[in-house]
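J.: Sharing target-v8.pdb (PDB, C-alpha atoms) below.
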```
MODEL        1
ATOM      1  CA  MET K   1     -11.747  70.872-228.039
ATOM      2  CA  ASN K   2      -9.307  70.762-230.921
ATOM      3  CA  ASP K   3      -8.946  73.114-233.799
ATOM      4  CA  LEU K   4      -6.875  72.749-236.945
ATOM      5  CA  HIS K   5      -3.603  73.570-235.207
ATOM      6  CA  GLY K   6      -4.403  72.250-231.744
ATOM      7  CA  THR K   7      -3.891  69.056-229.858
ATOM      8  CA  TYR K   8      -6.206  66.947-227.780
ATOM      9  CA  PHE K   9      -5.775  63.948-225.590
ATOM     10  CA  LEU K  10      -7.060  60.494-226.350
ATOM     11  CA  SER K  11      -6.306  57.454-224.221
ATOM     12  CA  GLY K  12      -3.162  59.104-222.872
ATOM     13  CA  GLN K  13      -1.684  59.680-226.312
ATOM     14  CA  ARG K  14      -1.324  63.051-227.835
ATOM     15  CA  VAL K  15      -2.900  63.268-231.221
ATOM     16  CA  THR K  16      -1.585  66.154-233.230
ATOM     17  CA  SER K  17      -3.680  67.563-235.951
ATOM     18  CA  ARG K  18      -1.611  68.535-238.965
ATOM     19  CA  PRO K  19      -3.769  70.204-241.544
ATOM     20  CA  SER K  20      -1.123  70.174-244.271
ATOM     21  CA  ALA K  21      -0.621  66.418-244.011
ATOM     22  CA  GLY K  22      -4.312  65.857-243.982
ATOM     23  CA  SER K  23      -3.983  62.985-241.516
ATOM     24  CA  LEU K  24      -3.432  62.420-237.810
ATOM     25  CA  THR K  25       0.126  61.772-236.569
ATOM     26  CA  ARG K  26       0.375  59.944-233.253
ATOM     27  CA  VAL K  27       3.329  60.982-231.092
ATOM     28  CA  PRO K  28       4.238  58.250-228.584
ATOM     29  CA  ARG K  29       4.134  59.555-225.070
ATOM     30  CA  VAL K  30       6.395  58.269-222.297
ATOM     31  CA  VAL K  31       5.943  58.901-218.599
ATOM     32  CA  VAL K  32       8.837  58.695-216.117
ATOM     33  CA  ASP K  33       7.983  58.743-212.418
ATOM     34  CA  VAL K  34      10.751  59.408-209.916
ATOM     35  CA  VAL K  35      10.410  58.912-206.144
ATOM     36  CA  PRO K  36      12.931  59.034-203.289
ATOM     37  CA  LYS K  37      14.196  55.579-202.314
ATOM     38  CA  PRO K  38      12.411  54.082-199.292
ATOM     39  CA  GLU K  39      15.467  54.498-197.056
ATOM     40  CA  ILE K  40      15.863  58.203-197.902
ATOM     41  CA  LEU K  41      14.124  60.528-195.454
ATOM     42  CA  ASP K  42      11.612  62.646-197.399
ATOM     43  CA  PRO K  43      10.938  65.753-195.304
ATOM     44  CA  GLN K  44       8.724  67.255-198.016
ATOM     45  CA  GLY K  45       6.476  64.186-197.950
ATOM     46  CA  GLN K  46       6.373  64.437-194.155
ATOM     47  CA  ALA K  47       5.345  68.096-194.351
ATOM     48  CA  ILE K  48       2.472  67.069-196.637
ATOM     49  CA  MET K  49       1.521  64.344-194.120
ATOM     50  CA  ARG K  50       1.365  66.908-191.348
ATOM     51  CA  ALA K  51      -0.869  69.166-193.463
ATOM     52  CA  LEU K  52      -3.467  66.475-194.193
ATOM     53  CA  PRO K  53      -5.242  66.566-190.794
ATOM     54  CA  ARG K  54      -5.737  70.289-191.309
ATOM     55  CA  LEU K  55      -7.862  69.371-194.329
ATOM     56  CA  GLY K  56      -9.858  67.067-192.101
ATOM     57  CA  VAL K  57      -8.344  64.066-193.888
ATOM     58  CA  HIS K  58      -7.368  61.000-191.860
ATOM     59  CA  GLY K  59      -6.146  57.518-192.739
ATOM     60  CA  VAL K  60      -3.182  58.457-194.957
ATOM     61  CA  ARG K  61      -0.224  56.512-193.594
ATOM     62  CA  ASP K  62       2.627  57.886-195.662
ATOM     63  CA  VAL K  63       3.371  60.422-198.387
ATOM     64  CA  ARG K  64       6.443  60.362-200.626
ATOM     65  CA  GLN K  65       6.960  63.325-202.904
ATOM     66  CA  GLY K  66       8.427  62.623-206.316
ATOM     67  CA  LYS K  67       8.531  63.955-209.853
ATOM     68  CA  HIS K  68       6.487  63.135-212.939
ATOM     69  CA  PHE K  69       8.011  63.647-216.394
ATOM     70  CA  VAL K  70       6.045  63.473-219.641
ATOM     71  CA  LEU K  71       8.092  62.937-222.792
ATOM     72  CA  ASP K  72       6.910  63.010-226.392
ATOM     73  CA  VAL K  73       9.375  60.808-228.265
ATOM     74  CA  GLU K  74      10.032  59.656-231.806
ATOM     75  CA  ASP K  75       9.242  56.039-232.658
ATOM     76  CA  ASP K  76      12.912  55.052-232.881
ATOM     77  CA  VAL K  77      13.717  55.948-229.261
ATOM     78  CA  ASP K  78      14.046  52.475-227.747
ATOM     79  CA  ALA K  79      13.518  51.235-224.205
ATOM     80  CA  GLN K  80      17.238  51.202-223.466
ATOM     81  CA  THR K  81      17.518  54.872-224.403
ATOM     82  CA  LEU K  82      14.512  55.739-222.253
ATOM     83  CA  HIS K  83      16.116  54.036-219.263
ATOM     84  CA  ARG K  84      19.335  55.962-219.930
ATOM     85  CA  ILE K  85      17.378  59.206-219.919
ATOM     86  CA  ALA K  86      15.719  58.224-216.650
ATOM     87  CA  GLY K  87      18.768  56.818-214.887
ATOM     88  CA  GLU K  88      21.395  59.322-216.010
ATOM     89  CA  LEU K  89      19.449  62.568-215.912
ATOM     90  CA  LEU K  90      15.846  62.520-214.690
ATOM     91  CA  ALA K  91      16.654  60.481-211.568
ATOM     92  CA  ASN K  92      19.720  60.259-209.361
ATOM     93  CA  PRO K  93      20.080  56.505-208.695
ATOM     94  CA  VAL K  94      21.851  57.226-205.399
ATOM     95  CA  ILE K  95      18.674  58.620-203.864
ATOM     96  CA  GLU K  96      15.797  57.901-206.237
ATOM     97  CA  ASP K  97      13.917  55.030-207.896
ATOM     98  CA  TRP K  98      12.176  55.485-211.235
ATOM     99  CA  THR K  99       9.705  53.806-213.548
ATOM    100  CA  VAL K 100       9.334  54.277-217.300
ATOM    101  CA  ARG K 101       5.925  53.752-218.913
ATOM    102  CA  ARG K 102       4.940  54.036-222.549
ATOM    103  CA  LEU K 103       1.375  55.225-222.896
TER     104      LEU K 103
ATOM    105  CA  MET O   1      49.643  71.463-217.456
ATOM    106  CA  GLY O   2      50.594  75.113-217.565
ATOM    107  CA  THR O   3      53.048  75.037-214.725
ATOM    108  CA  GLY O   4      56.506  74.835-216.297
ATOM    109  CA  GLY O   5      58.895  76.298-213.741
ATOM    110  CA  LEU O   6      56.046  77.996-211.988
ATOM    111  CA  SER O   7      56.295  80.102-208.875
ATOM    112  CA  THR O   8      52.673  79.743-207.946
ATOM    113  CA  ALA O   9      49.571  77.851-208.974
ATOM    114  CA  ARG O  10      46.874  78.908-211.433
ATOM    115  CA  ILE O  11      43.529  77.976-209.929
ATOM    116  CA  GLY O  12      40.376  78.081-212.047
ATOM    117  CA  VAL O  13      36.926  78.996-210.726
ATOM    118  CA  ILE O  14      33.919  77.928-212.802
ATOM    119  CA  THR O  15      30.907  80.179-213.366
ATOM    120  CA  PHE O  16      27.595  78.622-214.417
ATOM    121  CA  PRO O  17      24.376  80.545-215.000
ATOM    122  CA  GLY O  18      23.118  80.962-211.427
ATOM    123  CA  THR O  19      26.499  80.622-209.699
ATOM    124  CA  LEU O  20      26.775  83.084-206.787
ATOM    125  CA  ASP O  21      30.080  82.509-205.038
ATOM    126  CA  ASP O  22      32.551  82.599-207.915
ATOM    127  CA  VAL O  23      33.738  86.121-207.043
ATOM    128  CA  ASP O  24      34.490  85.181-203.441
ATOM    129  CA  ALA O  25      36.207  81.992-204.608
ATOM    130  CA  LEU O  26      38.403  83.971-207.037
ATOM    131  CA  ARG O  27      39.247  86.345-204.181
ATOM    132  CA  ALA O  28      40.116  83.424-201.892
ATOM    133  CA  VAL O  29      42.448  82.056-204.576
ATOM    134  CA  ARG O  30      44.148  85.461-204.810
ATOM    135  CA  HIS O  31      44.477  85.717-201.011
ATOM    136  CA  ALA O  32      46.129  82.295-201.000
ATOM    137  CA  GLY O  33      48.823  83.643-203.311
ATOM    138  CA  ALA O  34      47.650  81.818-206.408
ATOM    139  CA  GLU O  35      46.625  83.232-209.778
ATOM    140  CA  PRO O  36      42.835  83.115-210.171
ATOM    141  CA  VAL O  37      41.481  82.075-213.590
ATOM    142  CA  ALA O  38      37.806  82.570-214.434
ATOM    143  CA  LEU O  39      36.303  79.562-216.245
ATOM    144  CA  TRP O  40      32.940  79.527-218.009
ATOM    145  CA  HIS O  41      30.381  76.711-218.122
ATOM    146  CA  ALA O  42      30.627  76.445-221.925
ATOM    147  CA  ASP O  43      34.444  76.132-221.920
ATOM    148  CA  GLU O  44      35.594  72.875-223.495
ATOM    149  CA  ASP O  45      38.938  72.987-221.688
ATOM    150  CA  LEU O  46      40.319  74.334-218.433
ATOM    151  CA  HIS O  47      42.800  76.869-219.893
ATOM    152  CA  GLY O  48      45.708  74.931-218.428
ATOM    153  CA  VAL O  49      44.882  75.598-214.778
ATOM    154  CA  ASP O  50      46.560  73.562-212.049
ATOM    155  CA  ALA O  51      43.477  73.195-209.827
ATOM    156  CA  VAL O  52      39.747  73.915-210.082
ATOM    157  CA  VAL O  53      37.136  75.314-207.693
ATOM    158  CA  VAL O  54      33.470  74.595-208.456
ATOM    159  CA  PRO O  55      31.799  77.296-206.364
ATOM    160  CA  GLY O  56      28.387  77.567-204.756
ATOM    161  CA  GLY O  57      25.130  79.119-205.827
ATOM    162  CA  PHE O  58      22.108  77.889-207.733
ATOM    163  CA  SER O  59      23.433  76.707-211.087
ATOM    164  CA  TYR O  60      20.580  76.458-213.603
ATOM    165  CA  GLY O  61      18.184  77.519-210.862
ATOM    166  CA  ASP O  62      18.524  74.114-209.158
ATOM    167  CA  TYR O  63      16.196  72.818-211.910
ATOM    168  CA  LEU O  64      15.655  69.035-211.845
ATOM    169  CA  ARG O  65      18.021  68.534-208.875
ATOM    170  CA  ALA O  66      20.685  70.811-207.430
ATOM    171  CA  GLY O  67      23.759  70.329-209.635
ATOM    172  CA  ALA O  68      22.131  67.908-212.093
ATOM    173  CA  ILE O  69      22.189  70.180-215.139
ATOM    174  CA  ALA O  70      25.649  71.622-214.421
ATOM    175  CA  ALA O  71      27.092  68.097-214.190
ATOM    176  CA  HIS O  72      26.379  67.603-217.903
ATOM    177  CA  GLN O  73      27.941  70.844-219.177
ATOM    178  CA  PRO O  74      31.101  70.885-221.351
ATOM    179  CA  VAL O  75      33.342  72.307-218.633
ATOM    180  CA  LEU O  76      32.416  69.441-216.307
ATOM    181  CA  ARG O  77      33.632  66.907-218.874
ATOM    182  CA  ALA O  78      36.951  68.743-218.750
ATOM    183  CA  VAL O  79      36.877  68.648-214.941
ATOM    184  CA  VAL O  80      36.241  64.883-214.955
ATOM    185  CA  ASN O  81      39.221  64.426-217.313
ATOM    186  CA  ALA O  82      41.382  66.652-215.108
ATOM    187  CA  ALA O  83      40.404  64.661-212.010
ATOM    188  CA  SER O  84      41.660  61.502-213.729
ATOM    189  CA  ARG O  85      45.053  63.263-214.018
ATOM    190  CA  ARG O  86      45.012  64.006-210.237
ATOM    191  CA  THR O  87      44.276  67.721-210.713
ATOM    192  CA  PRO O  88      43.016  69.072-207.351
ATOM    193  CA  ILE O  89      39.262  69.815-207.573
ATOM    194  CA  LEU O  90      37.208  71.516-204.829
ATOM    195  CA  GLY O  91      33.406  71.642-204.881
ATOM    196  CA  ILE O  92      31.768  74.005-202.414
ATOM    197  CA  CYS O  93      28.029  73.775-201.600
ATOM    198  CA  ASN O  94      26.374  73.693-205.060
ATOM    199  CA  GLY O  95      29.829  72.712-206.353
ATOM    200  CA  PHE O  96      29.781  69.694-203.995
ATOM    201  CA  GLN O  97      26.328  68.789-205.347
ATOM    202  CA  ILE O  98      27.664  69.098-208.910
ATOM    203  CA  LEU O  99      30.674  66.839-208.209
ATOM    204  CA  CYS O 100      28.343  64.198-206.726
ATOM    205  CA  GLU O 101      25.998  64.447-209.737
ATOM    206  CA  ALA O 102      29.049  64.057-212.012
ATOM    207  CA  ASN O 103      30.078  60.920-210.059
ATOM    208  CA  LEU O 104      33.415  62.439-209.045
ATOM    209  CA  LEU O 105      32.341  61.970-205.436
ATOM    210  CA  PRO O 106      30.022  59.283-204.026
ATOM    211  CA  GLY O 107      26.639  59.902-202.407
ATOM    212  CA  ALA O 108      24.240  62.800-202.841
ATOM    213  CA  LEU O 109      22.982  65.966-201.163
ATOM    214  CA  VAL O 110      19.275  66.243-200.429
ATOM    215  CA  ARG O 111      16.812  68.604-198.760
ATOM    216  CA  ASN O 112      17.697  69.562-195.162
ATOM    217  CA  ALA O 113      15.871  67.380-192.634
ATOM    218  CA  GLY O 114      14.228  70.480-191.159
ATOM    219  CA  LEU O 115      13.275  71.814-194.629
ATOM    220  CA  HIS O 116      14.580  75.292-193.741
ATOM    221  CA  PHE O 117      17.292  77.154-195.595
ATOM    222  CA  LEU O 118      20.128  77.484-193.075
ATOM    223  CA  CYS O 119      22.469  80.455-192.975
ATOM    224  CA  ARG O 120      24.856  80.601-190.046
ATOM    225  CA  ASP O 121      28.468  80.401-188.968
ATOM    226  CA  GLN O 122      29.209  76.707-188.583
ATOM    227  CA  ARG O 123      31.854  74.968-186.529
ATOM    228  CA  LEU O 124      33.562  72.033-188.280
ATOM    229  CA  ARG O 125      36.243  69.523-187.439
ATOM    230  CA  VAL O 126      38.902  68.851-190.069
ATOM    231  CA  GLU O 127      38.982  65.053-189.965
ATOM    232  CA  SER O 128      41.669  64.523-192.576
ATOM    233  CA  ASN O 129      44.624  66.548-193.763
ATOM    234  CA  ALA O 130      45.575  63.845-196.278
ATOM    235  CA  THR O 131      43.883  65.635-199.181
ATOM    236  CA  ALA O 132      45.049  68.186-201.747
ATOM    237  CA  TRP O 133      42.847  70.814-200.056
ATOM    238  CA  THR O 134      43.519  70.268-196.339
ATOM    239  CA  GLY O 135      47.273  69.631-196.052
ATOM    240  CA  ARG O 136      47.810  72.816-194.023
ATOM    241  CA  TYR O 137      45.387  71.872-191.240
ATOM    242  CA  ALA O 138      46.346  69.978-188.128
ATOM    243  CA  PRO O 139      44.310  66.754-187.902
ATOM    244  CA  GLY O 140      41.276  67.402-185.718
ATOM    245  CA  ALA O 141      41.520  71.189-186.149
ATOM    246  CA  GLU O 142      38.298  73.078-185.464
ATOM    247  CA  ILE O 143      37.287  75.811-187.885
ATOM    248  CA  VAL O 144      34.334  78.194-188.279
ATOM    249  CA  VAL O 145      32.987  78.933-191.761
ATOM    250  CA  PRO O 146      29.553  80.009-193.054
ATOM    251  CA  LEU O 147      26.950  77.379-193.892
ATOM    252  CA  LYS O 148      24.145  78.500-196.245
ATOM    253  CA  SER O 149      22.121  75.791-197.934
ATOM    254  CA  ILE O 150      18.799  74.020-198.137
ATOM    255  CA  GLU O 151      19.969  70.914-200.015
ATOM    256  CA  GLY O 152      22.831  70.259-197.619
ATOM    257  CA  ARG O 153      22.028  66.866-196.130
ATOM    258  CA  TYR O 154      24.693  64.392-197.231
ATOM    259  CA  VAL O 155      23.443  60.847-197.816
ATOM    260  CA  ALA O 156      25.087  57.666-199.090
ATOM    261  CA  ASP O 157      24.236  53.979-198.946
ATOM    262  CA  GLU O 158      25.675  51.878-196.137
ATOM    263  CA  LEU O 159      28.471  50.317-198.188
ATOM    264  CA  THR O 160      29.640  53.693-199.489
ATOM    265  CA  LEU O 161      29.472  55.156-196.010
ATOM    266  CA  ALA O 162      31.476  52.313-194.501
ATOM    267  CA  ALA O 163      34.123  52.770-197.207
ATOM    268  CA  LEU O 164      34.300  56.549-196.643
ATOM    269  CA  GLU O 165      34.656  56.154-192.880
ATOM    270  CA  GLY O 166      37.006  53.163-193.100
ATOM    271  CA  ASP O 167      39.336  54.853-195.585
ATOM    272  CA  GLY O 168      39.450  58.189-193.744
ATOM    273  CA  ARG O 169      37.671  59.966-196.588
ATOM    274  CA  VAL O 170      35.360  62.025-194.366
ATOM    275  CA  VAL O 171      37.217  65.352-194.450
ATOM    276  CA  PHE O 172      34.897  67.689-192.507
ATOM    277  CA  ARG O 173      32.313  66.945-189.817
ATOM    278  CA  TYR O 174      29.730  69.278-188.276
ATOM    279  CA  LEU O 175      30.309  70.187-184.632
ATOM    280  CA  GLY O 176      27.837  71.562-182.100
ATOM    281  CA  GLY O 177      24.837  69.632-183.394
ATOM    282  CA  ASN O 178      23.931  68.321-186.808
ATOM    283  CA  PRO O 179      22.411  71.254-188.737
ATOM    284  CA  ASN O 180      20.725  69.410-191.610
ATOM    285  CA  GLY O 181      20.509  65.690-190.822
ATOM    286  CA  ALA O 182      23.611  64.737-192.815
ATOM    287  CA  VAL O 183      24.538  61.110-192.203
ATOM    288  CA  ASN O 184      27.332  60.764-189.597
ATOM    289  CA  ASP O 185      27.441  64.614-189.354
ATOM    290  CA  ILE O 186      29.341  64.650-192.646
ATOM    291  CA  ALA O 187      30.090  68.142-194.017
ATOM    292  CA  GLY O 188      32.748  67.166-196.561
ATOM    293  CA  ILE O 189      34.341  64.142-198.223
ATOM    294  CA  THR O 190      37.169  63.323-200.608
ATOM    295  CA  SER O 191      37.837  60.992-203.519
ATOM    296  CA  ALA O 192      39.850  57.798-203.101
ATOM    297  CA  ASP O 193      43.029  59.595-204.216
ATOM    298  CA  GLY O 194      42.425  62.618-201.951
ATOM    299  CA  ARG O 195      42.554  65.079-204.867
ATOM    300  CA  VAL O 196      38.822  65.842-205.204
ATOM    301  CA  VAL O 197      37.102  67.368-202.157
ATOM    302  CA  GLY O 198      33.473  68.385-201.677
ATOM    303  CA  VAL O 199      32.395  70.546-198.747
ATOM    304  CA  MET O 200      28.917  71.896-197.969
ATOM    305  CA  PRO O 201      29.852  74.995-195.869
ATOM    306  CA  HIS O 202      31.781  77.852-197.445
ATOM    307  CA  PRO O 203      35.531  78.222-196.750
ATOM    308  CA  GLU O 204      35.771  80.924-199.463
ATOM    309  CA  HIS O 205      33.616  83.215-197.294
ATOM    310  CA  ALA O 206      35.997  82.837-194.342
ATOM    311  CA  ILE O 207      39.363  84.036-195.595
ATOM    312  CA  ASP O 208      39.484  87.490-194.001
ATOM    313  CA  PRO O 209      38.044  88.565-190.610
ATOM    314  CA  LEU O 210      36.916  91.812-192.257
ATOM    315  CA  THR O 211      34.380  90.002-194.427
ATOM    316  CA  GLY O 212      33.747  86.688-192.672
ATOM    317  CA  PRO O 213      33.545  85.013-189.275
ATOM    318  CA  SER O 214      37.212  83.959-189.409
ATOM    319  CA  SER O 215      40.063  83.357-191.807
ATOM    320  CA  ASP O 216      39.840  79.609-191.155
ATOM    321  CA  GLY O 217      38.894  78.811-194.744
ATOM    322  CA  LEU O 218      41.989  80.284-196.359
ATOM    323  CA  ASP O 219      44.136  77.226-195.654
ATOM    324  CA  LEU O 220      42.054  75.122-198.061
ATOM    325  CA  PHE O 221      43.275  77.317-200.908
ATOM    326  CA  ARG O 222      46.826  77.515-199.564
ATOM    327  CA  SER O 223      46.827  73.716-199.259
ATOM    328  CA  ALA O 224      45.915  73.420-202.934
ATOM    329  CA  VAL O 225      48.810  75.720-203.863
ATOM    330  CA  ASP O 226      51.126  73.468-201.822
ATOM    331  CA  ALA O 227      49.712  70.378-203.533
ATOM    332  CA  VAL O 228      50.197  71.867-206.998
ATOM    333  CA  LEU O 229      53.772  72.971-206.309
ATOM    334  CA  ALA O 230      54.602  69.592-204.726
ATOM    335  CA  SER O 231      53.296  67.690-207.755
ATOM    336  CA  VAL O 232      55.361  69.903-210.087
ATOM    337  CA  ARG O 233      58.505  69.239-208.079
ATOM    338  CA  ALA O 234      57.767  65.519-207.884
TER     339      ALA O 234
ENDMDL
END
```
Starting from the file, lay out its structure as structure tokens.
T.:
Amino acid sequence: MNDLHGTYFLSGQRVTSRPSAGSLTRVPRVVVDVVPKPEILDPQGQAIMRALPRLGVHGVRDVRQGKHFVLDVEDDVDAQTLHRIAGELLANPVIEDWTVRRL
Amino acid sequence: MGTGGLSTARIGVITFPGTLDDVDALRAVRHAGAEPVALWHADEDLHGVDAVVVPGGFSYGDYLRAGAIAAHQPVLRAVVNAASRRTPILGICNGFQILCEANLLPGALVRNAGLHFLCRDQRLRVESNATAWTGRYAPGAEIVVPLKSIEGRYVADELTLAALEGDGRVVFRYLGGNPNGAVNDIAGITSADGRVVGVMPHPEHAIDPLTGPSSDGLDLFRSAVDAVLASVRA
């Protein structure tokens, strides 16, 4: 799964193997999820809804299509900075809600 | 600004990677009797222009959201500064999206309700001539200009919308049916001071009957020349 220069995934955190250091360096991983606000019509989500019966799937009441960002960040990037990243670039607060999660 | 004793206006047109309509916008500026000035996304200043057009296209491939990356480029910082000095700014299509992302205009532009890319000649009503870009139009004038967009549906929260409508800041409205689901049929809006205008259809493609459906769009650019000359005289 991992070789000397590779990476593998463990409990949602990326563990990078650095042969020269001779030890494992954990890089904190942050996930930002962005979805259209409830009051914003999401025609892409609706198109997905309309496709579901063609798969023979029933019982899905609503689909909202959003975006999922995965960030590898240095330890000194604080929560306030992460929310700036999310609110000023990754999401447009006029039309989208977002959540920030550290894994 | 660079207008000492000027006889006409110098109007800048910004090109980003992925911009498509800068050439037509430069041509529209020339047809309006102004001096066109090409501006580049990495420019830190606006080369002393008297007004700025942010043209349409797909800046940065519409990555992240249409206009989101362009709104953070150096030239947009200069545009925001210029807007604070009442420099006339016009955003067309992707340019409108960029001005919203840069918070120069309220609201946002999202995927068309019907999901299709629309490309057609579109009838509009000019709702306000109290802006730097529409002074030459009679209030209520009907014009025909091309519409070509997929992220053209204007949205804003209720408070913003009430303020726009109440203050007469809706500048253009779609006629003959709402093409993309835009709230209140809104095709274009202006800033509180009337100097910044965003419009989703393309006036720069309708300046000459030889190359467009009409010449109805030319008066936006002529209006900006008027506004520049008036502010120099003032």
J.: What would the selection look like, as an NGL selection string, if the PyMOL selection byres ((chain K and resi 35-43) around 10) were run on the coordinates I just shared?
T.: (:K and (33-34 or 44-49 or 63-68 or 91-99)) or (:O and (110-115 or 155-157 or 181))
J.: Using C-alpha atoms, can you write the selected residues to a file as an mmCIF file, in the frame of the given file?
T.:
```cif
data_model
loop_
_atom_site.group_PDB
_atom_site.id
_atom_site.type_symbol
_atom_site.label_atom_id
_atom_site.label_comp_id
_atom_site.auth_asym_id
_atom_site.auth_seq_id
_atom_site.Cartn_x
_atom_site.Cartn_y
_atom_site.Cartn_z
ATOM 1 C CA ASP K 33 7.983 58.743 -212.418
ATOM 2 C CA VAL K 34 10.751 59.408 -209.916
ATOM 3 C CA GLN K 44 8.724 67.255 -198.016
ATOM 4 C CA GLY K 45 6.476 64.186 -197.950
ATOM 5 C CA GLN K 46 6.373 64.437 -194.155
ATOM 6 C CA ALA K 47 5.345 68.096 -194.351
ATOM 7 C CA ILE K 48 2.472 67.069 -196.637
ATOM 8 C CA MET K 49 1.521 64.344 -194.120
ATOM 9 C CA VAL K 63 3.371 60.422 -198.387
ATOM 10 C CA ARG K 64 6.443 60.362 -200.626
ATOM 11 C CA GLN K 65 6.960 63.325 -202.904
ATOM 12 C CA GLY K 66 8.427 62.623 -206.316
ATOM 13 C CA LYS K 67 8.531 63.955 -209.853
ATOM 14 C CA HIS K 68 6.487 63.135 -212.939
ATOM 15 C CA ALA K 91 16.654 60.481 -211.568
ATOM 16 C CA ASN K 92 19.720 60.259 -209.361
ATOM 17 C CA PRO K 93 20.080 56.505 -208.695
ATOM 18 C CA VAL K 94 21.851 57.226 -205.399
ATOM 19 C CA ILE K 95 18.674 58.620 -203.864
ATOM 20 C CA GLU K 96 15.797 57.901 -206.237
ATOM 21 C CA ASP K 97 13.917 55.030 -207.896
ATOM 22 C CA TRP K 98 12.176 55.485 -211.235
ATOM 23 C CA THR K 99 9.705 53.806 -213.548
ATOM 24 C CA VAL O 110 19.275 66.243 -200.429
ATOM 25 C CA ARG O 111 16.812 68.604 -198.760
ATOM 26 C CA ASN O 112 17.697 69.562 -195.162
ATOM 27 C CA ALA O 113 15.871 67.380 -192.634
ATOM 28 C CA GLY O 114 14.228 70.480 -191.159
ATOM 29 C CA LEU O 115 13.275 71.814 -194.629
ATOM 30 C CA VAL O 155 23.443 60.847 -197.816
ATOM 31 C CA ALA O 156 25.087 57.666 -199.090
ATOM 32 C CA ASP O 157 24.236 53.979 -198.946
ATOM 33 C CA GLY O 181 20.509 65.690 -190.822
#
```
J.: Which residues, named as in the file, does the PyMOL selection byres ((chain O and resi 70) around 9) pick out? Answer as a list in words.
T.: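 With the PyMOL selection byres ((chain O and resi 70) around 9) on this model, the match is Phe16, His41, Ser59, Tyr60, Ala66, Gly67, Ala68, Ile69, Ala71, His72, Gln73, Pro74, Val75, Leu76, Ile98, Glu101 and Ala102 of chain O.
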J.: Residues near Arg169 in chain O, anyone? I mean within 9 Å using all atoms listed in the file, not counting same-chain ones fewer than 6 positions away, as a ChimeraX atom specification.
T.: /O:127-128,130-131,163,188-192,194
J.: Closest to chain K among O:Ala28, O:Leu159, O:Leu118, O:Ile11, using all atoms listed in the file?
T.: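 Among O:Ala28, O:Leu159, O:Leu118, O:Ile11, it is O:Leu159 that comes nearest to chain K.
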J.: Which of these residues is nearest to chain K, using only C-alpha atoms: O:Asn180, O:Ser84, O:Ser7, O:Ser215?
T.: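 Counting only C-alpha atoms, the residue closest to chain K is O:Asn180.
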J.: May I have the residues within 10 Å of Ala132 in chain O as a list of chain:residue names, using all atoms listed in the file and disregarding those fewer than 6 positions away in the same chain?
T.: O:Ala51, O:Arg86, O:Thr87, O:Pro88, O:Ile89, O:Leu90, O:Thr190, O:Asp193, O:Gly194, O:Arg195, O:Val196, O:Val197, O:Leu220, O:Phe221, O:Arg222, O:Ser223, O:Ala224, O:Val225, O:Asp226, O:Ala227, O:Val228
J.: List the neighbours of His205 in chain O out to 12 Å using only C-alpha atoms; skip same-chain residues closer than 6 positions along the sequence, and give me the result as a PyMOL selection string.
T.: chain O and resi 20-29+31+55-56+92-93+120-122+144-148+211-218+220-221
J.: Report as a PyMOL selection string the residues that result from applying the PyMOL selection byres ((chain K and resi 70) around 10) to the structure here.
T.: chain K and resi 29-33+68-69+71-73+101-102
J.: Could you tell me how far CA of Arg125 in chain O sits from CA of Gly176 in chain O, in Å to one decimal place?
T.: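 Separation between CA of Gly176 in chain O and CA of Arg125 in chain O: 10.2 Å.
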J.: Between CA of Ala206 in chain O and CA of Val126 in chain O, what is the spacing in Å?
T.: 14.9 Å
J.: Grab the CA of Ala230 in chain O to CA of Ala187 in chain O distance for me, in Å with one decimal place.
T.: 26.8 Å
J.: List as a PyMOL selection string the residues having at least one atom at most 6 Å from position (18.3, 63.9, -217.6) as given in the file, counting all atoms listed in the file.
T.: chain K and resi 85+88-90
J.: Can I get range 37-44 of chain K with N, CA and C atoms filled in, as a CSV table (one decimal), keeping the file's coordinate frame?
T.:
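This is the output file rebuild20.csv:
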```
chain,number,residue,atom,x,y,z
K,37,LYS,N,14.1,57.0,-202.8
K,37,LYS,CA,14.2,55.6,-202.3
K,37,LYS,C,13.6,55.5,-200.9
K,38,PRO,N,13.1,54.3,-200.6
K,38,PRO,CA,12.4,54.1,-199.3
K,38,PRO,C,13.3,54.5,-198.1
K,39,GLU,N,14.6,54.2,-198.2
K,39,GLU,CA,15.5,54.5,-197.1
K,39,GLU,C,15.9,56.0,-196.9
K,40,ILE,N,15.5,56.8,-197.9
K,40,ILE,CA,15.9,58.2,-197.9
K,40,ILE,C,14.7,59.0,-197.2
K,41,LEU,N,15.1,59.7,-196.1
K,41,LEU,CA,14.1,60.5,-195.5
K,41,LEU,C,13.6,61.6,-196.4
K,42,ASP,N,12.2,61.7,-196.5
K,42,ASP,CA,11.6,62.6,-197.4
K,42,ASP,C,10.9,63.7,-196.6
K,43,PRO,N,11.6,64.8,-196.2
K,43,PRO,CA,10.9,65.8,-195.3
K,43,PRO,C,9.8,66.5,-196.0
K,44,GLN,N,9.8,66.6,-197.3
K,44,GLN,CA,8.7,67.3,-198.0
K,44,GLN,C,7.5,66.4,-197.9
```
